[in-house]
$ cat protein.pdb   # PDB, C-alpha atoms, pLDDT in the B column
ATOM      1  CA  MET A   1     132.735  81.478  98.242  1.00 90.00           C
ATOM      2  CA  LYS A   2     135.432  83.416 100.095  1.00 96.00           C
ATOM      3  CA  THR A   3     134.561  84.499 103.620  1.00 98.00           C
ATOM      4  CA  VAL A   4     136.679  86.770 105.817  1.00 98.00           C
ATOM      5  CA  ALA A   5     136.237  87.432 109.528  1.00 98.00           C
ATOM      6  CA  ILE A   6     137.420  90.752 110.964  1.00 98.00           C
ATOM      7  CA  ILE A   7     138.064  90.730 114.718  1.00 98.00           C
ATOM      8  CA  THR A   8     138.351  94.225 116.191  1.00 97.00           C
ATOM      9  CA  ALA A   9     140.696  94.447 119.172  1.00 94.00           C
ATOM     10  CA  GLY A  10     142.043  97.969 118.994  1.00 79.00           C
ATOM     11  CA  GLY A  11     140.617  99.252 122.280  1.00 61.00           C
ATOM     12  CA  MET A  12     142.644 100.382 125.257  1.00 53.00           C
ATOM     13  CA  GLY A  13     140.501  98.450 127.770  1.00 48.00           C
ATOM     14  CA  LEU A  14     140.373 101.348 130.203  1.00 49.00           C
ATOM     15  CA  ARG A  15     137.260 100.131 132.047  1.00 49.00           C
ATOM     16  CA  LEU A  16     139.074  97.083 133.382  1.00 52.00           C
ATOM     17  CA  PRO A  17     141.685  97.830 136.059  1.00 54.00           C
ATOM     18  CA  GLY A  18     145.311  96.739 135.830  1.00 61.00           C
ATOM     19  CA  GLU A  19     148.219  97.173 133.454  1.00 70.00           C
ATOM     20  CA  VAL A  20     147.090  94.472 131.006  1.00 79.00           C
ATOM     21  CA  LYS A  21     144.627  95.524 128.295  1.00 87.00           C
ATOM     22  CA  LYS A  22     141.338  93.666 128.591  1.00 88.00           C
ATOM     23  CA  GLN A  23     141.747  91.792 125.301  1.00 92.00           C
ATOM     24  CA  PHE A  24     144.938  90.234 126.719  1.00 93.00           C
ATOM     25  CA  ARG A  25     143.675  89.430 130.213  1.00 93.00           C
ATOM     26  CA  ILE A  26     143.728  85.758 131.119  1.00 94.00           C
ATOM     27  CA  LEU A  27     140.354  84.016 131.110  1.00 95.00           C
ATOM     28  CA  ASP A  28     140.361  80.328 132.017  1.00 94.00           C
ATOM     29  CA  GLY A  29     144.060  80.005 131.256  1.00 95.00           C
ATOM     30  CA  LYS A  30     144.085  81.884 127.930  1.00 95.00           C
ATOM     31  CA  PRO A  31     144.037  85.538 126.850  1.00 96.00           C
ATOM     32  CA  LEU A  32     140.508  86.797 126.208  1.00 96.00           C
ATOM     33  CA  LEU A  33     141.271  87.582 122.570  1.00 96.00           C
ATOM     34  CA  ILE A  34     142.454  84.011 121.973  1.00 96.00           C
ATOM     35  CA  HIS A  35     139.072  82.731 123.203  1.00 96.00           C
ATOM     36  CA  THR A  36     137.357  85.097 120.761  1.00 97.00           C
ATOM     37  CA  LEU A  37     139.571  84.143 117.844  1.00 96.00           C
ATOM     38  CA  GLU A  38     139.281  80.365 118.118  1.00 95.00           C
ATOM     39  CA  PRO A  39     135.694  79.840 116.827  1.00 96.00           C
ATOM     40  CA  PHE A  40     136.516  81.795 113.678  1.00 97.00           C
ATOM     41  CA  LEU A  41     139.791  79.970 113.038  1.00 95.00           C
ATOM     42  CA  LYS A  42     138.043  76.620 113.511  1.00 94.00           C
ATOM     43  CA  HIS A  43     134.976  77.371 111.392  1.00 96.00           C
ATOM     44  CA  PRO A  44     135.126  75.533 108.047  1.00 94.00           C
ATOM     45  CA  LYS A  45     133.311  78.259 106.086  1.00 96.00           C
ATOM     46  CA  ILE A  46     135.723  81.060 107.067  1.00 97.00           C
ATOM     47  CA  ASN A  47     138.778  81.332 104.814  1.00 96.00           C
ATOM     48  CA  GLU A  48     140.719  84.150 106.458  1.00 97.00           C
ATOM     49  CA  VAL A  49     140.752  86.014 109.764  1.00 97.00           C
ATOM     50  CA  ILE A  50     141.985  89.600 110.131  1.00 98.00           C
ATOM     51  CA  VAL A  51     142.659  90.925 113.633  1.00 97.00           C
ATOM     52  CA  THR A  52     142.877  94.702 114.126  1.00 97.00           C
ATOM     53  CA  LEU A  53     145.193  95.772 116.946  1.00 96.00           C
ATOM     54  CA  PRO A  54     147.080  98.856 118.095  1.00 93.00           C
ATOM     55  CA  GLN A  55     150.387  98.877 116.222  1.00 93.00           C
ATOM     56  CA  GLU A  56     152.339  98.460 119.453  1.00 93.00           C
ATOM     57  CA  ASP A  57     150.455  95.240 120.328  1.00 94.00           C
ATOM     58  CA  ILE A  58     150.785  93.332 117.065  1.00 95.00           C
ATOM     59  CA  GLU A  59     154.069  91.556 117.792  1.00 95.00           C
ATOM     60  CA  HIS A  60     152.896  90.714 121.299  1.00 93.00           C
ATOM     61  CA  PHE A  61     149.703  89.119 120.005  1.00 94.00           C
ATOM     62  CA  LYS A  62     151.567  87.237 117.280  1.00 93.00           C
ATOM     63  CA  ALA A  63     153.581  85.619 120.069  1.00 94.00           C
ATOM     64  CA  LEU A  64     150.378  84.781 121.961  1.00 94.00           C
ATOM     65  CA  THR A  65     148.809  83.115 118.929  1.00 93.00           C
ATOM     66  CA  ALA A  66     151.952  81.042 118.441  1.00 91.00           C
ATOM     67  CA  GLU A  67     151.742  79.972 122.081  1.00 92.00           C
ATOM     68  CA  PHE A  68     148.022  79.233 122.388  1.00 92.00           C
ATOM     69  CA  ILE A  69     146.745  78.338 118.903  1.00 90.00           C
ATOM     70  CA  LYS A  70     147.713  75.194 117.046  1.00 80.00           C
ATOM     71  CA  THR A  71     149.122  76.067 113.636  1.00 69.00           C
ATOM     72  CA  LYS A  72     149.826  72.531 112.432  1.00 60.00           C
ATOM     73  CA  GLY A  73     147.353  71.654 109.704  1.00 57.00           C
ATOM     74  CA  ARG A  74     145.663  75.064 109.735  1.00 65.00           C
ATOM     75  CA  LYS A  75     145.037  76.197 106.186  1.00 68.00           C
ATOM     76  CA  LYS A  76     143.364  79.562 106.658  1.00 82.00           C
ATOM     77  CA  ALA A  77     145.259  82.836 106.760  1.00 90.00           C
ATOM     78  CA  LEU A  78     145.588  84.867 109.948  1.00 94.00           C
ATOM     79  CA  THR A  79     146.430  88.501 109.267  1.00 95.00           C
ATOM     80  CA  PHE A  80     147.207  91.326 111.702  1.00 96.00           C
ATOM     81  CA  CYS A  81     146.154  94.858 110.830  1.00 95.00           C
ATOM     82  CA  PRO A  82     147.075  98.099 112.644  1.00 95.00           C
ATOM     83  CA  GLY A  83     143.913  99.735 113.953  1.00 91.00           C
ATOM     84  CA  GLY A  84     142.862 103.357 113.857  1.00 91.00           C
ATOM     85  CA  ARG A  85     141.759 106.001 116.344  1.00 91.00           C
ATOM     86  CA  GLN A  86     138.205 104.672 116.581  1.00 93.00           C
ATOM     87  CA  ARG A  87     136.649 101.260 116.002  1.00 95.00           C
ATOM     88  CA  GLN A  88     135.252 102.346 112.640  1.00 96.00           C
ATOM     89  CA  ASP A  89     138.717 103.423 111.482  1.00 96.00           C
ATOM     90  CA  SER A  90     140.071 100.001 112.436  1.00 96.00           C
ATOM     91  CA  VAL A  91     137.338  98.119 110.596  1.00 97.00           C
ATOM     92  CA  PHE A  92     137.896 100.236 107.494  1.00 97.00           C
ATOM     93  CA  GLU A  93     141.621  99.440 107.522  1.00 96.00           C
ATOM     94  CA  ALA A  94     140.761  95.740 107.687  1.00 97.00           C
ATOM     95  CA  LEU A  95     138.187  96.005 104.897  1.00 98.00           C
ATOM     96  CA  LYS A  96     140.800  97.629 102.679  1.00 97.00           C
ATOM     97  CA  ILE A  97     143.119  94.616 102.962  1.00 97.00           C
ATOM     98  CA  CYS A  98     140.441  91.968 102.382  1.00 97.00           C
ATOM     99  CA  PRO A  99     141.163  90.003  99.182  1.00 96.00           C
ATOM    100  CA  ALA A 100     139.422  91.456  96.142  1.00 95.00           C
ATOM    101  CA  ASN A 101     137.480  88.219  95.618  1.00 97.00           C
ATOM    102  CA  THR A 102     135.947  88.285  99.112  1.00 98.00           C
ATOM    103  CA  ASP A 103     132.219  87.518  99.074  1.00 98.00           C
ATOM    104  CA  ILE A 104     131.183  87.752 102.729  1.00 98.00           C
ATOM    105  CA  VAL A 105     132.654  89.599 105.729  1.00 98.00           C
ATOM    106  CA  LEU A 106     131.941  88.959 109.393  1.00 98.00           C
ATOM    107  CA  ILE A 107     132.824  91.827 111.769  1.00 98.00           C
ATOM    108  CA  HIS A 108     133.175  90.861 115.411  1.00 98.00           C
ATOM    109  CA  ASP A 109     134.176  92.480 118.704  1.00 97.00           C
ATOM    110  CA  GLY A 110     137.415  91.073 120.058  1.00 96.00           C
ATOM    111  CA  VAL A 111     136.007  90.960 123.590  1.00 95.00           C
ATOM    112  CA  ARG A 112     133.000  88.722 122.795  1.00 97.00           C
ATOM    113  CA  PRO A 113     134.467  85.273 123.497  1.00 97.00           C
ATOM    114  CA  PHE A 114     131.360  83.064 123.402  1.00 97.00           C
ATOM    115  CA  VAL A 115     130.363  82.977 119.738  1.00 97.00           C
ATOM    116  CA  THR A 116     129.239  79.550 118.535  1.00 96.00           C
ATOM    117  CA  ALA A 117     129.648  77.823 115.192  1.00 96.00           C
ATOM    118  CA  THR A 118     125.858  77.536 114.982  1.00 97.00           C
ATOM    119  CA  LEU A 119     125.444  81.306 115.282  1.00 97.00           C
ATOM    120  CA  ILE A 120     128.059  81.873 112.582  1.00 98.00           C
ATOM    121  CA  ASP A 121     126.313  79.391 110.269  1.00 98.00           C
ATOM    122  CA  GLU A 122     122.898  81.004 110.732  1.00 98.00           C
ATOM    123  CA  LEU A 123     124.211  84.532 110.172  1.00 98.00           C
ATOM    124  CA  LEU A 124     126.121  83.487 107.064  1.00 98.00           C
ATOM    125  CA  SER A 125     122.958  81.961 105.640  1.00 97.00           C
ATOM    126  CA  LEU A 126     120.948  85.135 106.308  1.00 97.00           C
ATOM    127  CA  ALA A 127     123.635  87.373 104.847  1.00 97.00           C
ATOM    128  CA  LEU A 128     123.795  85.270 101.694  1.00 97.00           C
ATOM    129  CA  ASP A 129     120.040  85.632 101.268  1.00 96.00           C
ATOM    130  CA  PHE A 130     119.635  89.299 102.218  1.00 97.00           C
ATOM    131  CA  GLY A 131     123.061  91.003 102.120  1.00 97.00           C
ATOM    132  CA  ALA A 132     123.263  91.973 105.795  1.00 98.00           C
ATOM    133  CA  ALA A 133     122.489  90.147 109.040  1.00 98.00           C
ATOM    134  CA  ILE A 134     123.146  90.748 112.726  1.00 98.00           C
ATOM    135  CA  PRO A 135     122.439  88.833 115.944  1.00 98.00           C
ATOM    136  CA  ALA A 136     120.122  90.549 118.409  1.00 97.00           C
ATOM    137  CA  ALA A 137     118.075  89.900 121.534  1.00 96.00           C
ATOM    138  CA  PRO A 138     114.980  91.574 123.015  1.00 95.00           C
ATOM    139  CA  VAL A 139     115.601  94.360 125.514  1.00 94.00           C
ATOM    140  CA  LYS A 140     114.726  93.194 129.040  1.00 92.00           C
ATOM    141  CA  ASN A 141     114.558  96.578 130.759  1.00 94.00           C
ATOM    142  CA  THR A 142     112.350  99.573 130.024  1.00 95.00           C
ATOM    143  CA  ILE A 143     114.335 102.238 128.131  1.00 96.00           C
ATOM    144  CA  LYS A 144     113.710 105.957 128.589  1.00 96.00           C
ATOM    145  CA  THR A 145     115.084 109.039 126.884  1.00 96.00           C
ATOM    146  CA  VAL A 146     115.982 112.068 128.993  1.00 96.00           C
ATOM    147  CA  ASN A 147     116.004 115.845 128.703  1.00 96.00           C
ATOM    148  CA  GLY A 148     118.455 117.229 131.218  1.00 95.00           C
ATOM    149  CA  LYS A 149     117.532 115.695 134.574  1.00 94.00           C
ATOM    150  CA  LEU A 150     113.988 114.812 133.529  1.00 97.00           C
ATOM    151  CA  ILE A 151     112.544 111.772 131.772  1.00 97.00           C
ATOM    152  CA  ASP A 152     111.555 112.831 128.282  1.00 96.00           C
ATOM    153  CA  HIS A 153     109.977 109.712 126.822  1.00 95.00           C
ATOM    154  CA  THR A 154     109.523 105.982 127.436  1.00 97.00           C
ATOM    155  CA  LEU A 155     110.329 103.836 124.424  1.00 96.00           C
ATOM    156  CA  ARG A 156     108.244 100.833 123.408  1.00 95.00           C
ATOM    157  CA  ARG A 157     110.214  97.832 124.565  1.00 94.00           C
ATOM    158  CA  ASP A 158     108.625  95.570 121.943  1.00 93.00           C
ATOM    159  CA  LYS A 159     110.284  97.725 119.267  1.00 94.00           C
ATOM    160  CA  LEU A 160     113.785  97.519 120.780  1.00 96.00           C
ATOM    161  CA  LEU A 161     116.608  95.000 120.405  1.00 96.00           C
ATOM    162  CA  ASN A 162     120.119  94.654 121.800  1.00 96.00           C
ATOM    163  CA  ALA A 163     122.494  94.349 118.846  1.00 97.00           C
ATOM    164  CA  PHE A 164     125.469  91.974 119.064  1.00 97.00           C
ATOM    165  CA  THR A 165     128.262  90.737 116.813  1.00 98.00           C
ATOM    166  CA  PRO A 166     129.364  89.119 114.582  1.00 98.00           C
ATOM    167  CA  GLN A 167     127.586  91.276 112.039  1.00 98.00           C
ATOM    168  CA  VAL A 168     127.727  89.743 108.582  1.00 98.00           C
ATOM    169  CA  PHE A 169     127.622  91.500 105.208  1.00 98.00           C
ATOM    170  CA  GLY A 170     128.155  91.029 101.535  1.00 98.00           C
ATOM    171  CA  PHE A 171     131.673  92.390 101.022  1.00 98.00           C
ATOM    172  CA  PRO A 172     130.977  94.782  98.115  1.00 98.00           C
ATOM    173  CA  LEU A 173     128.042  96.299 100.026  1.00 98.00           C
ATOM    174  CA  ILE A 174     129.812  96.888 103.344  1.00 98.00           C
ATOM    175  CA  LEU A 175     132.945  98.188 101.608  1.00 98.00           C
ATOM    176  CA  LYS A 176     130.902 100.656  99.524  1.00 98.00           C
ATOM    177  CA  CYS A 177     129.033 101.932 102.577  1.00 98.00           C
ATOM    178  CA  TYR A 178     132.206 102.227 104.649  1.00 98.00           C
ATOM    179  CA  GLN A 179     133.981 104.138 101.876  1.00 98.00           C
ATOM    180  CA  ARG A 180     131.088 106.585 101.683  1.00 98.00           C
ATOM    181  CA  ALA A 181     130.871 106.963 105.464  1.00 98.00           C
ATOM    182  CA  MET A 182     134.596 107.631 105.799  1.00 98.00           C
ATOM    183  CA  THR A 183     134.480 110.175 102.970  1.00 98.00           C
ATOM    184  CA  GLU A 184     131.497 111.970 104.505  1.00 98.00           C
ATOM    185  CA  GLY A 185     132.708 111.718 108.108  1.00 97.00           C
ATOM    186  CA  TYR A 186     129.747 109.648 109.307  1.00 97.00           C
ATOM    187  CA  TYR A 187     130.683 107.583 112.372  1.00 97.00           C
ATOM    188  CA  SER A 188     128.774 104.935 114.311  1.00 95.00           C
ATOM    189  CA  THR A 189     129.695 102.355 116.946  1.00 89.00           C
ATOM    190  CA  ASP A 190     127.735  99.739 114.994  1.00 94.00           C
ATOM    191  CA  ASP A 191     128.587  98.451 111.515  1.00 98.00           C
ATOM    192  CA  ALA A 192     124.983  97.735 110.546  1.00 98.00           C
ATOM    193  CA  ALA A 193     124.066 101.326 111.409  1.00 98.00           C
ATOM    194  CA  ILE A 194     126.243 102.488 108.525  1.00 98.00           C
ATOM    195  CA  LEU A 195     124.147 100.453 106.089  1.00 98.00           C
ATOM    196  CA  GLU A 196     120.950 101.704 107.722  1.00 97.00           C
ATOM    197  CA  HIS A 197     122.205 105.282 107.401  1.00 98.00           C
ATOM    198  CA  TYR A 198     122.480 104.858 103.639  1.00 98.00           C
ATOM    199  CA  GLY A 199     119.080 103.230 103.244  1.00 97.00           C
ATOM    200  CA  TYR A 200     119.958  99.528 103.118  1.00 98.00           C
ATOM    201  CA  SER A 201     117.950  96.890 104.945  1.00 97.00           C
ATOM    202  CA  VAL A 202     119.539  94.805 107.696  1.00 98.00           C
ATOM    203  CA  HIS A 203     118.003  91.518 108.820  1.00 98.00           C
ATOM    204  CA  TYR A 204     118.358  90.265 112.380  1.00 98.00           C
ATOM    205  CA  LEU A 205     118.547  86.857 113.991  1.00 97.00           C
ATOM    206  CA  HIS A 206     117.304  86.298 117.534  1.00 96.00           C
ATOM    207  CA  ASP A 207     120.374  85.295 119.531  1.00 95.00           C
ATOM    208  CA  SER A 208     119.664  83.586 122.848  1.00 90.00           C
ATOM    209  CA  SER A 209     123.264  82.512 123.465  1.00 90.00           C
ATOM    210  CA  PRO A 210     125.412  84.200 126.160  1.00 91.00           C
ATOM    211  CA  ASN A 211     127.017  86.497 123.569  1.00 95.00           C
ATOM    212  CA  LEU A 212     128.631  88.658 126.245  1.00 95.00           C
ATOM    213  CA  LYS A 213     130.797  91.694 125.498  1.00 95.00           C
ATOM    214  CA  ILE A 214     133.371  92.090 128.250  1.00 94.00           C
ATOM    215  CA  THR A 215     133.792  95.769 129.050  1.00 90.00           C
ATOM    216  CA  ASP A 216     134.294  95.924 132.831  1.00 90.00           C
ATOM    217  CA  GLU A 217     135.189  93.825 135.872  1.00 92.00           C
ATOM    218  CA  PHE A 218     131.643  92.573 136.389  1.00 94.00           C
ATOM    219  CA  ASP A 219     131.485  91.315 132.786  1.00 95.00           C
ATOM    220  CA  PHE A 220     134.762  89.486 133.365  1.00 93.00           C
ATOM    221  CA  PHE A 221     133.286  87.823 136.440  1.00 95.00           C
ATOM    222  CA  ILE A 222     130.194  86.763 134.455  1.00 96.00           C
ATOM    223  CA  ALA A 223     132.437  85.329 131.717  1.00 96.00           C
ATOM    224  CA  GLU A 224     134.193  83.164 134.303  1.00 95.00           C
ATOM    225  CA  GLN A 225     130.829  81.869 135.516  1.00 96.00           C
ATOM    226  CA  ILE A 226     129.729  81.043 131.962  1.00 95.00           C
ATOM    227  CA  ILE A 227     132.889  78.987 131.437  1.00 94.00           C
ATOM    228  CA  ARG A 228     132.310  77.128 134.728  1.00 93.00           C
ATOM    229  CA  PHE A 229     128.680  76.467 133.819  1.00 90.00           C
ATOM    230  CA  ASN A 230     129.634  75.159 130.366  1.00 87.00           C
ATOM    231  CA  ALA A 231     132.245  72.868 131.955  1.00 86.00           C
ATOM    232  CA  ILE A 232     129.602  71.449 134.305  1.00 86.00           C
ATOM    233  CA  LYS A 233     127.221  70.814 131.387  1.00 77.00           C
ATOM    234  CA  LYS A 234     129.935  68.872 129.535  1.00 74.00           C
ATOM    235  CA  ASP A 235     130.559  66.685 132.569  1.00 69.00           C
TER     236      ASP A 235
END

$ encode --input "protein.pdb" --output "structure tokens"
Amino acid sequence: MKTVAIITAGGMGLRLPGEVKKQFRILDGKPLLIHTLEPFLKHPKINEVIVTLPQEDIEHFKALTAEFIKTKGRKKALTFCPGGRQRQDSVFEALKICPANTDIVLIHDGVRPFVTATLIDELLSLALDFGAAIPAAPVKNTIKTVNGKLIDHTLRRDKLLNAFTPQVFGFPLILKCYQRAMTEGYYSTDDAAILEHYGYSVHYLHDSSPNLKITDEFDFFIAEQIIRFNAIKKD
């Protein structure tokens, strides 16, 4: 079985201050994107990793991978793909360069650095059985819809989940749905939503790990605390 991981890192990182894009900011001595990449490069069931980046950042990140990631003995391919205007455009570009014999694709946010091998294993197993699987966690806060400045409706919290990544799909299925979505101009911020839009079922796995997406300064602070906590547990 051939498995490819797509890591999306095409964002501008505008919600984090400073001149350095968030995916390149240093977290515990390494760029954030390096932290994200490592579990996928180390995982024995993943054969290739494709990283989508703005064209102007590709050479810079190649240099970072050479500096921070051991290449001796590594057998899997690491490919860099120019991203598009939106996340969906970037993922589609990566899907188009996946080897034709790809069986399974994992699609992951480049600013989620705490993915575990166990989570990857469980999602791969679900995707093999059902074609599509995502990690998710129950919503902790009450969610309301609004109409102007007024509350319109309160949603049932027991029917809501926070969706995370990596989201894992059979390659022919996700490629077919992406091709149709791009042709029809249907866009979503979530890969599984594209399958849902075209009537396919998506299974979910309860994810209780700290699968944090770093989007602002507070998230970055929380990520630092998670690393400190994990270091204490190891000691």

$ resolve_selection --input "protein.pdb" --expression "the PyMOL selection byres ((chain A and resi 49) around 7)" --output "ChimeraX atom specification"
/A:4-6,41,48,50-51,77-79

$ closest_atom_pairs --input "protein.pdb" --of "stretch 20-80 of chain A" --to "stretch 123-130 of chain A" --cutoff "12 Å" --atoms "all atoms listed in the file" --output "tab-separated table"
residue	atom	partner	partner_atom	distance
A:His43	CA	A:Leu124	CA	11.6
A:Lys45	CA	A:Leu124	CA	8.9
A:Ile46	CA	A:Leu124	CA	9.9

$ residues_around --input "protein.pdb" --residues "A:Pro82" --least-positions-apart "6" --cutoff "7 Å" --atoms "all atoms listed in the file" --output "VMD selection string"
chain A and resid 52 to 55

$ resolve_selection --input "protein.pdb" --expression "the PyMOL selection byres ((chain A and resi 169-172) around 7)" --output "list of chain:residue names"
A:Thr102, A:Asp103, A:Ile104, A:Val105, A:Leu106, A:Ala127, A:Gly131, A:Ala132, A:Ala133, A:Gln167, A:Val168, A:Leu173, A:Ile174, A:Leu175, A:Lys176

$ resolve_selection --input "protein.pdb" --expression "the PyMOL selection byres ((chain A and resi 150-163) around 12)" --output "PyMOL selection string"
chain A and resi 108-109+133-149+164-167+189-193+202-208+211-213

$ closest_residue --input "protein.pdb" --among "A:Leu32, A:Ile214, A:Val91, A:Cys81" --to "A:Leu64" --atoms "all atoms listed in the file"
A:Leu32

$ closest_residue --input "protein.pdb" --among "A:Thr118, A:Phe61, A:Ile227, A:Ala181" --to "A:Glu196" --atoms "all atoms listed in the file"
A:Ala181

$ closest_residue --input "protein.pdb" --among "A:Ser201, A:Ser90, A:Thr116, A:Ser188" --to "A:His35" --atoms "all atoms listed in the file"
A:Thr116

$ closest_residue --input "protein.pdb" --among "A:Gln86, A:Asn230, A:Thr36, A:Ser209" --to "A:Met182" --atoms "only C-alpha atoms"
A:Gln86

$ atom_distance --input "protein.pdb" --atom1 "atom CA of A:Gly199" --atom2 "atom CA of A:Lys2"
25.9 Å

$ atom_distance --input "protein.pdb" --atom1 "atom CA of A:Lys22" --atom2 "atom CA of A:Phe92"
22.4 Å

$ closest_residue --input "protein.pdb" --among "A:Ile7, A:Tyr200, A:Ala117, A:Asp28" --to "A:Ala231" --atoms "only C-alpha atoms"
A:Asp28

$ axis_aligned_box --input "protein.pdb" --around "stretch 94-105 of chain A" --padding-each-side "5 Å" --output "lines of an AutoDock Vina configuration file"
center_x = 137.2
center_y = 92.6
center_z = 101.7
size_x = 21.9
size_y = 20.1
size_z = 22.1

$ atom_distance --input "protein.pdb" --atom1 "atom CA of A:Thr215" --atom2 "atom CA of A:Ile34"
16.2 Å

$ decode --input "protein.pdb" --residues "stretch 146-165 of chain A" --atoms "N, CA and C atoms" --output "compact mmCIF listing (two decimals), in the first residue's frame"
# COMPACT_ATOMS: atom_id res chain seq x y z
N VAL A 146 -26.37 33.60 14.60
CA VAL A 146 -26.83 34.98 14.80
C VAL A 146 -27.52 35.50 13.55
N ASN A 147 -28.36 36.50 13.76
CA ASN A 147 -29.02 37.23 12.68
C ASN A 147 -28.81 38.71 12.98
N GLY A 148 -27.84 39.31 12.28
CA GLY A 148 -27.49 40.68 12.62
C GLY A 148 -26.85 40.73 13.99
N LYS A 149 -27.42 41.53 14.88
CA LYS A 149 -26.89 41.65 16.24
C LYS A 149 -27.67 40.82 17.25
N LEU A 150 -28.56 39.97 16.75
CA LEU A 150 -29.39 39.15 17.64
C LEU A 150 -29.04 37.67 17.52
N ILE A 151 -29.20 36.95 18.62
CA ILE A 151 -29.05 35.50 18.60
C ILE A 151 -30.22 34.90 17.82
N ASP A 152 -29.90 34.07 16.86
CA ASP A 152 -30.94 33.46 16.03
C ASP A 152 -31.34 32.09 16.54
N HIS A 153 -30.32 31.29 16.93
CA HIS A 153 -30.62 29.91 17.30
C HIS A 153 -29.47 29.35 18.12
N THR A 154 -29.78 28.47 19.07
CA THR A 154 -28.76 27.76 19.84
C THR A 154 -28.69 26.33 19.33
N LEU A 155 -27.49 25.93 18.92
CA LEU A 155 -27.30 24.60 18.36
C LEU A 155 -27.13 23.56 19.47
N ARG A 156 -27.55 22.35 19.18
CA ARG A 156 -27.40 21.25 20.14
C ARG A 156 -25.93 20.84 20.21
N ARG A 157 -25.35 21.03 21.38
CA ARG A 157 -23.93 20.77 21.53
C ARG A 157 -23.61 19.29 21.35
N ASP A 158 -24.54 18.41 21.69
CA ASP A 158 -24.27 16.98 21.55
C ASP A 158 -24.23 16.53 20.09
N LYS A 159 -24.59 17.42 19.18
CA LYS A 159 -24.54 17.12 17.74
C LYS A 159 -23.36 17.81 17.05
N LEU A 160 -22.47 18.43 17.83
CA LEU A 160 -21.39 19.22 17.25
C LEU A 160 -20.03 18.62 17.61
N LEU A 161 -19.09 18.74 16.68
CA LEU A 161 -17.71 18.30 16.89
C LEU A 161 -16.76 19.35 16.32
N ASN A 162 -15.60 19.49 16.97
CA ASN A 162 -14.49 20.23 16.38
C ASN A 162 -13.72 19.29 15.47
N ALA A 163 -13.54 19.68 14.22
CA ALA A 163 -12.81 18.84 13.27
C ALA A 163 -11.34 19.25 13.23
N PHE A 164 -10.45 18.24 13.22
CA PHE A 164 -9.01 18.47 13.19
C PHE A 164 -8.42 17.85 11.92
N THR A 165 -7.11 17.84 11.87
CA THR A 165 -6.36 17.10 10.85
C THR A 165 -5.29 16.28 11.57
